[in-house]
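What follows is a single structure, written as structure tokens, with notes after it.
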Amino acid sequence: MAQTDTKKIFFENLSGAGKAIAVLTSGGDAQGMNAAVRAVVRMGLYVGAKVYFIREGYQGMVDGGENIKEATWESVSSMLQVGGTVIGSARCKEFRTHEGRLKAAFNLVKLGITNLCVIGGDGSLTGANLFREEWSGLLTELVEQGSLEPQSVQTYSALHIVGMVGSIDNDFCGTDMTIGTDSALHRIIEVVDAIMTTAQSHQRTFVLEVMGRHCGYLALVSALACGADWVLIPEMPPDDGWEEKMCEKLSATRSRGTRLNIIIVAEGAIDRHGKAITSSYVKDNRAEMKRLNIIIVAEGAIDGNNKPITTDSIKDLVVKRLGFDTRVTILGHVQRGGTPSAFDRILASRMGVEAVLALLETTANTPACVVSLCGNQSVRLPLLECVQMTQEVQKAMDEKKFEEAVKLRGRSFQNNLKTYKLLAHRKPESELPHSNFNVAVLNVGAPAAGMNAAVRSAVRVGISEGHKMFAVSDGFEGFYKGQIKEIKWADVGGWTGQGGSLLGTKRTLPAKHVGKIAEQMRTHNINALLVIGGFEAILSLLELLTARGKYEEFCVPMVMVPATVSNNVPGSDLSIGADTALNAITTTCDRIKQSASGTKRRVFIIETMGGYCGYLATVAGLAAGADAAYIYEEPFDIRDLQANVEHLTEKMKTSIQRGLVLRNENCNDNYTTDFIYQLYTEEGKGVFDCRKNVLGHMQQGGAPSPFDRNFGTKISAKAMQWVSKKLLETFRQGRVFANSEDSCCLLGMRRRALIFQPVVQLKERTDFVHRIPKEQWWLKLRPLMKILAKYKTSYDVSDSGQLEHVVHSIPRDSDASVAM
């Protein structure tokens, strides 16, 4: 692919010579911290700097000695897939004292360290900034004590700080996602999915407490991901009388025959009077009903009067008032543990590399910064601004200004809350608007995990907007055959966690059947279409757009939501289903590499899906620590293959004894997976042996990841709201008539925002022969993967180096955040 004309830095110019960088993890651990440490170490070594581990966080910095050790390339091998932090983390009271910071300064200066990369929460980063501000004074004091030579003050005059936020709570302002949050959501959803099966069997109510004493992000997003009936979070305590409303909701759901209801509560929840709401409280308030309810409580949830709401209090309430058989599950530190998700590994790796670049570019006047994520872009923000805004959220909550607290959390948090309320609580028929519009929803192309969450969201938002919703089975093939029926609110209950496509999906395009499809549109009086699918979906809309000239039935608003594991839809940086596929590939790669532990040196060749799009191979390669990833977009020849073999041969001479090579299924007609396997086997004789694995359709299967559930839910809700707006705009003289370009759009994520783009405008940006966009953002990640695998390469830093401000860093439509 042609590279854009941007500022680049090459290996020779990425000079860290003479610099010493130390990395530490502090505060609570979070999955993905090891990936960040690995990236900092390898990028630091790559640019010629000395890199040090500081073990046990600030405590290790204060104690010095063996706690501060120089890192090597091999010392961070095989840690990408490990949860927690292998260099240890500890809370250090001594560092909070002047004497403690004096010791820490001495230990750093002894080793010439003046660049510090801190991975932790707001407390850890605040401490680092204070240390930086005191630095020159601490050195002067050490000179006066005779501990340092006078010239040390001049030589080590400034301490440079870059922070990365590692916290499962996602409670740090200025970033869409903190390291560890996505993995924690994986743990929560795994538990919820498992509980659902047993709860359905016994028709039980379950109350789940999740972490987040001061932030309800985990509770809110897990509630969205599993379709919970009720959620209680610290930022939005329930109004007086919430007990009655919750019990009415549970009772109404049961009366419709549903066996599954879910309630999620944040740890420490309180009501608006400050009264504790515990899980037992919900159990004891009874009537006689027997179905399944799951209540998830966020650690730290409160009512409007600052009283904690707990899982026990909720349990007591449900038992007393409804008589439901109720159980409580407190997830606890399970949420912190386990293997990091693909998202967290990629996020941490990108942030780690960005942190080193930030340290290389700092001057004595550069403020301490935090490397964070906005949309799919890495940004640098002033550390103090982020900390101050984070503290403002807590202040607003302490002062019971809950609406303000929600706003300060950011637009993404507000969006999550708004979307949850829209989908979880159905208004009475008397309160619903009556639009008299009929909207059809269908899936097109190959199945992708998260499609069902998108359909559920579209149906429920459509019903809330007053529309009559119709489900089309088997894509356009089912459309022309008349497989169309009305779909109600309750029909999509429990769909968020289901993989595949419950509506059914086919690759059939509409062009050959436009007459019959127009007839079905006329028969069912369809006023708008929402199409959820991959490349076939965009081809379908282009064909229907062309058919408008002959059939007025297609002169209606049409919108597409991208859903494909290949992530090859032009106009969108991400597609529903791609994250689930990435996690499937990454988990499989972990297991395959582990199978060689304790054996002789071995290289694994793994083939991924994606058609001609190399997204899965590249991004999974970054997440799994691959040595190479062959893709169509980056042509290669026999010389490149030979260079890769030689690189692996050199690698195997070290303590690293496993290699991983990914190959996109259509990257080259001649250099097939079998060819590459045989080449590596022959050329690696006497050094390593080879194994190959074709992953196949397991990449399309399985339950959707939390990311895909929430991305599908939010993007589909936004698409349906656009449909409602367009229907009102185009309704004239008793009918809908929409024939402009902007009435047929794709809703996609572009950099930092969700954007509606007319599909006809996407034609010039599309390679229709190979079914890929002409420009793809993730190609910028390939040099990063190569650097972390110890290849010399150029690295595009056109998106780096700009220090933004927190208030300006989040765009108007940041509900598109890559995060959820």
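Chain identifiers are assigned as A, B, and so on, following the order in which chains appear in the structure tokens; residues are numbered from 1 within each chain, and ligands are numbered from 1 in order of appearance.
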Which polymer residues have any atom within 10 Å of an atom of stretch 173-175 of chain A, counting only C-alpha atoms, with same-chain residues fewer than 6 positions away left out, as JSON, numbers by chain?
{"A": [122, 165, 370, 371, 372, 373, 374, 375, 378, 379, 380, 381, 382, 383, 385, 386, 387, 388, 389, 390, 391, 392, 393, 408, 409, 410, 804, 805, 806, 807, 808, 809, 810, 817, 819]}
Work out how far apart atom CA of A:Ala71 and atom CA of A:Ser794 are and give it in Å to one decimal.
23.7 Å
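The shortest atom-to-atom distance to A:Ser26, with only C-alpha atoms taken into account, belongs to A:Leu125 out of A:Ala581, A:Leu442, A:Leu125, A:Ala364.
Going from atom CA of A:Met652 to atom CA of A:Leu622 covers 19.7 Å.
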Give me, as an MDAnalysis selection string, all polymer residues having an atom no more than 10 Å from A:Lys512, counting only C-alpha atoms and skipping those fewer than 4 positions away in the same chain.
chainID A and resid 480 508 516:517 543
Same residues, all heavy atoms, output as a compact mmCIF listing (two decimals), in the first residue's frame:
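Listed below is the output, selection_24.txt:
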```txt
# COMPACT_ATOMS: atom_id res chain seq x y z
N TYR A 480 -36.02 -11.46 -0.88
CA TYR A 480 -36.82 -11.65 -2.10
C TYR A 480 -37.75 -12.86 -2.01
O TYR A 480 -38.75 -12.94 -2.73
CB TYR A 480 -35.93 -11.70 -3.34
CG TYR A 480 -35.28 -13.02 -3.68
CD1 TYR A 480 -36.00 -14.03 -4.33
CD2 TYR A 480 -33.93 -13.26 -3.41
CE1 TYR A 480 -35.40 -15.23 -4.67
CE2 TYR A 480 -33.33 -14.45 -3.74
CZ TYR A 480 -34.07 -15.45 -4.37
OH TYR A 480 -33.47 -16.65 -4.71
N THR A 508 -25.67 -13.53 -0.78
CA THR A 508 -26.43 -13.17 -1.97
C THR A 508 -26.59 -11.66 -2.10
O THR A 508 -27.00 -10.98 -1.16
CB THR A 508 -27.84 -13.81 -1.91
OG1 THR A 508 -27.70 -15.21 -1.70
CG2 THR A 508 -28.61 -13.55 -3.20
N LYS A 516 -38.21 -8.50 -7.22
CA LYS A 516 -38.91 -9.23 -6.15
C LYS A 516 -38.71 -8.55 -4.79
O LYS A 516 -39.63 -8.53 -3.96
CB LYS A 516 -38.39 -10.68 -6.07
CG LYS A 516 -38.78 -11.52 -7.28
CD LYS A 516 -38.25 -12.94 -7.15
CE LYS A 516 -38.65 -13.79 -8.35
NZ LYS A 516 -38.11 -15.18 -8.25
N ILE A 517 -37.51 -7.99 -4.59
CA ILE A 517 -37.26 -7.29 -3.32
C ILE A 517 -38.14 -6.04 -3.24
O ILE A 517 -38.72 -5.74 -2.18
CB ILE A 517 -35.76 -6.92 -3.18
CG1 ILE A 517 -34.92 -8.20 -3.04
CG2 ILE A 517 -35.53 -6.01 -1.97
CD1 ILE A 517 -33.42 -7.97 -3.11
N GLU A 543 -25.89 -1.42 -5.12
CA GLU A 543 -26.82 -1.97 -6.11
C GLU A 543 -28.23 -1.42 -5.90
O GLU A 543 -28.93 -1.10 -6.87
CB GLU A 543 -26.82 -3.49 -6.03
CG GLU A 543 -25.51 -4.11 -6.53
CD GLU A 543 -25.49 -5.64 -6.47
OE1 GLU A 543 -26.51 -6.23 -6.02
OE2 GLU A 543 -24.48 -6.23 -6.88
```
Test item: residues at most 7 Å from stretch 347-358 of chain A, only C-alpha atoms, excluding those fewer than 2 positions along its chain, as a PyMOL selection string:
chain A and resi 32-33+35-37+39-40+43-44+162+164+179+343-345+360-362+371-372+801
Mind writing the picked residues with N, CA, C and O atoms as a PDB file, in the first residue's frame?
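Just written: part.pdb:
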```pdb
ATOM      1  N   GLY A  32      -2.179  -6.584  31.089  1.00  0.00           N
ATOM      2  CA  GLY A  32      -1.646  -5.757  30.016  1.00  0.00           C
ATOM      3  C   GLY A  32      -0.439  -4.946  30.453  1.00  0.00           C
ATOM      4  O   GLY A  32       0.290  -4.408  29.617  1.00  0.00           O
ATOM      5  N   MET A  33      -0.220  -4.859  31.770  1.00  0.00           N
ATOM      6  CA  MET A  33       0.954  -4.122  32.250  1.00  0.00           C
ATOM      7  C   MET A  33       2.246  -4.730  31.706  1.00  0.00           C
ATOM      8  O   MET A  33       3.189  -4.012  31.353  1.00  0.00           O
ATOM      9  N   ALA A  35       2.693  -6.243  28.871  1.00  0.00           N
ATOM     10  CA  ALA A  35       2.851  -5.857  27.463  1.00  0.00           C
ATOM     11  C   ALA A  35       3.428  -4.453  27.375  1.00  0.00           C
ATOM     12  O   ALA A  35       4.262  -4.160  26.505  1.00  0.00           O
ATOM     13  N   ALA A  36       3.007  -3.568  28.289  1.00  0.00           N
ATOM     14  CA  ALA A  36       3.528  -2.204  28.306  1.00  0.00           C
ATOM     15  C   ALA A  36       5.004  -2.195  28.701  1.00  0.00           C
ATOM     16  O   ALA A  36       5.817  -1.493  28.087  1.00  0.00           O
ATOM     17  N   VAL A  37       5.347  -2.969  29.726  1.00  0.00           N
ATOM     18  CA  VAL A  37       6.748  -3.067  30.162  1.00  0.00           C
ATOM     19  C   VAL A  37       7.604  -3.592  29.017  1.00  0.00           C
ATOM     20  O   VAL A  37       8.683  -3.062  28.724  1.00  0.00           O
ATOM     21  N   ALA A  39       7.075  -3.430  25.800  1.00  0.00           N
ATOM     22  CA  ALA A  39       7.202  -2.435  24.734  1.00  0.00           C
ATOM     23  C   ALA A  39       8.189  -1.333  25.113  1.00  0.00           C
ATOM     24  O   ALA A  39       8.993  -0.898  24.281  1.00  0.00           O
ATOM     25  N   VAL A  40       8.139  -0.875  26.364  1.00  0.00           N
ATOM     26  CA  VAL A  40       9.069   0.167  26.811  1.00  0.00           C
ATOM     27  C   VAL A  40      10.506  -0.337  26.739  1.00  0.00           C
ATOM     28  O   VAL A  40      11.404   0.344  26.231  1.00  0.00           O
ATOM     29  N   MET A  43      11.518  -0.997  22.884  1.00  0.00           N
ATOM     30  CA  MET A  43      11.659   0.257  22.119  1.00  0.00           C
ATOM     31  C   MET A  43      12.842   1.057  22.657  1.00  0.00           C
ATOM     32  O   MET A  43      13.600   1.645  21.877  1.00  0.00           O
ATOM     33  N   GLY A  44      13.019   1.059  23.971  1.00  0.00           N
ATOM     34  CA  GLY A  44      14.159   1.757  24.558  1.00  0.00           C
ATOM     35  C   GLY A  44      15.479   1.194  24.080  1.00  0.00           C
ATOM     36  O   GLY A  44      16.385   1.932  23.669  1.00  0.00           O
ATOM     37  N   VAL A 162       6.837  10.167  31.915  1.00  0.00           N
ATOM     38  CA  VAL A 162       5.707   9.823  31.035  1.00  0.00           C
ATOM     39  C   VAL A 162       4.904   8.740  31.729  1.00  0.00           C
ATOM     40  O   VAL A 162       5.472   7.762  32.229  1.00  0.00           O
ATOM     41  N   MET A 164       1.588   5.943  31.859  1.00  0.00           N
ATOM     42  CA  MET A 164       0.576   5.129  31.180  1.00  0.00           C
ATOM     43  C   MET A 164      -0.392   4.660  32.250  1.00  0.00           C
ATOM     44  O   MET A 164       0.036   4.251  33.333  1.00  0.00           O
ATOM     45  N   ILE A 179      -5.294   0.592  30.491  1.00  0.00           N
ATOM     46  CA  ILE A 179      -4.763  -0.764  30.355  1.00  0.00           C
ATOM     47  C   ILE A 179      -5.377  -1.660  31.423  1.00  0.00           C
ATOM     48  O   ILE A 179      -5.338  -1.340  32.603  1.00  0.00           O
ATOM     49  N   PHE A 343      -7.054  -6.749  22.912  1.00  0.00           N
ATOM     50  CA  PHE A 343      -7.155  -5.285  22.949  1.00  0.00           C
ATOM     51  C   PHE A 343      -6.143  -4.697  23.930  1.00  0.00           C
ATOM     52  O   PHE A 343      -5.447  -3.723  23.606  1.00  0.00           O
ATOM     53  N   ASP A 344      -6.061  -5.263  25.128  1.00  0.00           N
ATOM     54  CA  ASP A 344      -5.147  -4.722  26.138  1.00  0.00           C
ATOM     55  C   ASP A 344      -3.686  -4.894  25.733  1.00  0.00           C
ATOM     56  O   ASP A 344      -2.842  -4.043  26.022  1.00  0.00           O
ATOM     57  N   ARG A 345      -3.367  -5.984  25.070  1.00  0.00           N
ATOM     58  CA  ARG A 345      -1.985  -6.191  24.614  1.00  0.00           C
ATOM     59  C   ARG A 345      -1.605  -5.158  23.548  1.00  0.00           C
ATOM     60  O   ARG A 345      -0.506  -4.598  23.571  1.00  0.00           O
ATOM     61  N   LEU A 360      11.995  10.568  24.546  1.00  0.00           N
ATOM     62  CA  LEU A 360      13.094  11.008  23.681  1.00  0.00           C
ATOM     63  C   LEU A 360      12.923  12.462  23.248  1.00  0.00           C
ATOM     64  O   LEU A 360      13.899  13.157  22.977  1.00  0.00           O
ATOM     65  N   GLU A 361      11.674  12.921  23.166  1.00  0.00           N
ATOM     66  CA  GLU A 361      11.393  14.260  22.662  1.00  0.00           C
ATOM     67  C   GLU A 361      11.248  15.304  23.759  1.00  0.00           C
ATOM     68  O   GLU A 361      11.048  16.485  23.482  1.00  0.00           O
ATOM     69  N   THR A 362      11.303  14.891  25.030  1.00  0.00           N
ATOM     70  CA  THR A 362      11.106  15.847  26.110  1.00  0.00           C
ATOM     71  C   THR A 362      12.291  16.794  26.263  1.00  0.00           C
ATOM     72  O   THR A 362      13.432  16.452  25.949  1.00  0.00           O
ATOM     73  N   VAL A 371       0.391   9.161  28.208  1.00  0.00           N
ATOM     74  CA  VAL A 371       0.099   8.620  26.884  1.00  0.00           C
ATOM     75  C   VAL A 371      -1.252   7.907  26.992  1.00  0.00           C
ATOM     76  O   VAL A 371      -1.435   7.051  27.858  1.00  0.00           O
ATOM     77  N   SER A 372      -2.193   8.287  26.162  1.00  0.00           N
ATOM     78  CA  SER A 372      -3.534   7.708  26.287  1.00  0.00           C
ATOM     79  C   SER A 372      -4.144   7.447  24.919  1.00  0.00           C
ATOM     80  O   SER A 372      -3.503   7.637  23.885  1.00  0.00           O
ATOM     81  N   GLY A 801       3.738  13.163  19.070  1.00  0.00           N
ATOM     82  CA  GLY A 801       4.471  14.383  19.361  1.00  0.00           C
ATOM     83  C   GLY A 801       3.642  15.590  19.724  1.00  0.00           C
ATOM     84  O   GLY A 801       4.169  16.568  20.222  1.00  0.00           O
TER      85      GLY A 801
END
```
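The set of residues in stretch 587-704 of chain A assigned to strand (DSSP E or B) by DSSP, using only backbone atoms of this structure, is Arg602, Val603, Phe604, Ile605, Ile606, Glu607, Thr608, Ala628, Ala629, Tyr630, Arg658, Gly659, Leu660, Val661, Leu662, Arg663, Asn664, Asp689, Cys690, Arg691, Lys692, Asn693 and Val694 of chain A.
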Fewer than 2 positions away in the same chain doesn't count, so skip those; otherwise give me all residues within 9 Å of A:Ile532, counting only C-alpha atoms, as JSON, numbers by chain.
{"A": [441, 442, 443, 444, 445, 451, 454, 455, 530, 534, 537, 559, 560, 561, 562, 563, 716]}
Considering only C-alpha atoms, return as a ChimeraX atom specification whatever protein or nucleic-acid residues lie within 10 Å of stretch 521-525 of chain A, sequence-local ones (same chain, fewer than 6 positions apart) excluded.
/A:437-440,470,479-480,482,484-486,515,552-554
Given the selection you just returned, output its residues as a file containing C-alpha atoms, formatted as a tab-separated table (two decimals), in the first residue's frame.
```
chain	number	residue	atom	x	y	z
A	437	PHE	CA	-42.95	3.82	9.88
A	438	ASN	CA	-41.82	0.25	9.14
A	439	VAL	CA	-38.08	-0.46	9.35
A	440	ALA	CA	-36.44	-3.71	8.19
A	470	PHE	CA	-39.27	-6.17	10.75
A	479	PHE	CA	-35.80	-10.75	1.43
A	480	TYR	CA	-36.82	-11.65	-2.10
A	482	GLY	CA	-40.53	-13.03	1.59
A	484	ILE	CA	-39.92	-11.12	6.61
A	485	LYS	CA	-41.75	-10.88	9.92
A	486	GLU	CA	-42.38	-8.31	12.60
A	515	GLY	CA	-37.87	-6.63	-8.71
A	552	GLU	CA	-39.21	3.98	-6.11
A	553	GLU	CA	-39.49	1.41	-3.30
A	554	PHE	CA	-35.73	1.85	-2.79
```
I'd like the neighbourhood of stretch 661-666 of chain A as a PyMOL selection string, where a residue qualifies if any of its atoms comes within 10 Å (using only C-alpha atoms), though same-chain residues fewer than 3 positions away should be ignored.
chain A and resi 589+603-618+620-621+624-632+644+648+669-673+676-677+692-694+696+770
How would the residues just picked look written out with C-alpha atoms as an mmCIF file, in the first residue's frame?
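Contents of the output file part-v6.cif:
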```cif
data_model
loop_
_atom_site.group_PDB
_atom_site.id
_atom_site.type_symbol
_atom_site.label_atom_id
_atom_site.label_comp_id
_atom_site.auth_asym_id
_atom_site.auth_seq_id
_atom_site.Cartn_x
_atom_site.Cartn_y
_atom_site.Cartn_z
ATOM 1 C CA CYS A 589 -1.353 -18.593 19.315
ATOM 2 C CA VAL A 603 8.742 -22.044 14.763
ATOM 3 C CA PHE A 604 4.984 -22.061 14.163
ATOM 4 C CA ILE A 605 3.433 -20.972 10.847
ATOM 5 C CA ILE A 606 -0.204 -19.947 11.363
ATOM 6 C CA GLU A 607 -2.714 -19.024 8.649
ATOM 7 C CA THR A 608 -5.443 -16.506 9.457
ATOM 8 C CA MET A 609 -8.624 -15.436 7.656
ATOM 9 C CA GLY A 610 -9.321 -12.009 6.211
ATOM 10 C CA GLY A 611 -9.483 -12.507 2.447
ATOM 11 C CA TYR A 612 -7.009 -10.007 0.992
ATOM 12 C CA CYS A 613 -7.155 -7.834 4.104
ATOM 13 C CA GLY A 614 -4.183 -8.305 6.421
ATOM 14 C CA TYR A 615 -5.791 -6.747 9.507
ATOM 15 C CA LEU A 616 -6.178 -10.000 11.450
ATOM 16 C CA ALA A 617 -2.675 -11.236 10.647
ATOM 17 C CA THR A 618 -1.037 -7.910 11.506
ATOM 18 C CA ALA A 620 -2.993 -10.560 15.995
ATOM 19 C CA GLY A 621 0.735 -10.685 15.268
ATOM 20 C CA ALA A 624 0.671 -12.532 20.149
ATOM 21 C CA GLY A 625 4.263 -11.342 19.726
ATOM 22 C CA ALA A 626 4.798 -12.680 16.203
ATOM 23 C CA ASP A 627 8.159 -12.532 14.447
ATOM 24 C CA ALA A 628 6.580 -11.880 11.050
ATOM 25 C CA ALA A 629 3.163 -11.463 9.453
ATOM 26 C CA TYR A 630 2.746 -11.874 5.700
ATOM 27 C CA ILE A 631 -0.062 -9.838 4.137
ATOM 28 C CA TYR A 632 -1.249 -8.842 0.659
ATOM 29 C CA ASN A 644 12.974 -13.780 8.112
ATOM 30 C CA LEU A 648 14.731 -16.467 13.438
ATOM 31 C CA ASP A 669 -0.841 -16.938 -4.684
ATOM 32 C CA ASN A 670 2.515 -18.705 -4.819
ATOM 33 C CA TYR A 671 3.959 -18.317 -1.330
ATOM 34 C CA THR A 672 1.286 -20.467 0.261
ATOM 35 C CA THR A 673 1.211 -21.624 3.877
ATOM 36 C CA ILE A 676 6.423 -21.124 3.680
ATOM 37 C CA TYR A 677 6.274 -24.098 6.052
ATOM 38 C CA LYS A 692 1.884 -25.220 10.743
ATOM 39 C CA ASN A 693 -1.717 -24.552 11.673
ATOM 40 C CA VAL A 694 -4.647 -23.253 9.600
ATOM 41 C CA GLY A 696 -10.071 -21.634 9.659
ATOM 42 C CA HIS A 770 -9.467 -7.350 -3.697
#
```
Of the candidates A:Val687, A:Ala368, A:Val82, A:Met397, which shows the shortest atom-to-atom distance to A:Leu130, using only C-alpha atoms?
A:Ala368
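Rounded to one decimal, atom CA of A:Glu519 and atom CA of A:Gly549 lie 15.3 Å from each other.
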Given only C-alpha atoms as the basis, pick out the residue of A:Glu235, A:Asn261, A:Met469, A:Val207 nearest to A:Asp398.
A:Glu235
Identify all residues of stretch 660-793 of chain A in alpha helix (DSSP H) (DSSP on the backbone) and supply them as an NGL selection string.
:A and (673-683 or 706-730 or 782-788)
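Considering the residues A:Gly478, A:Gly65, A:Pro706, A:Gly127 and counting only C-alpha atoms, A:Lys110 has its shortest atom-to-atom contact with A:Gly65.
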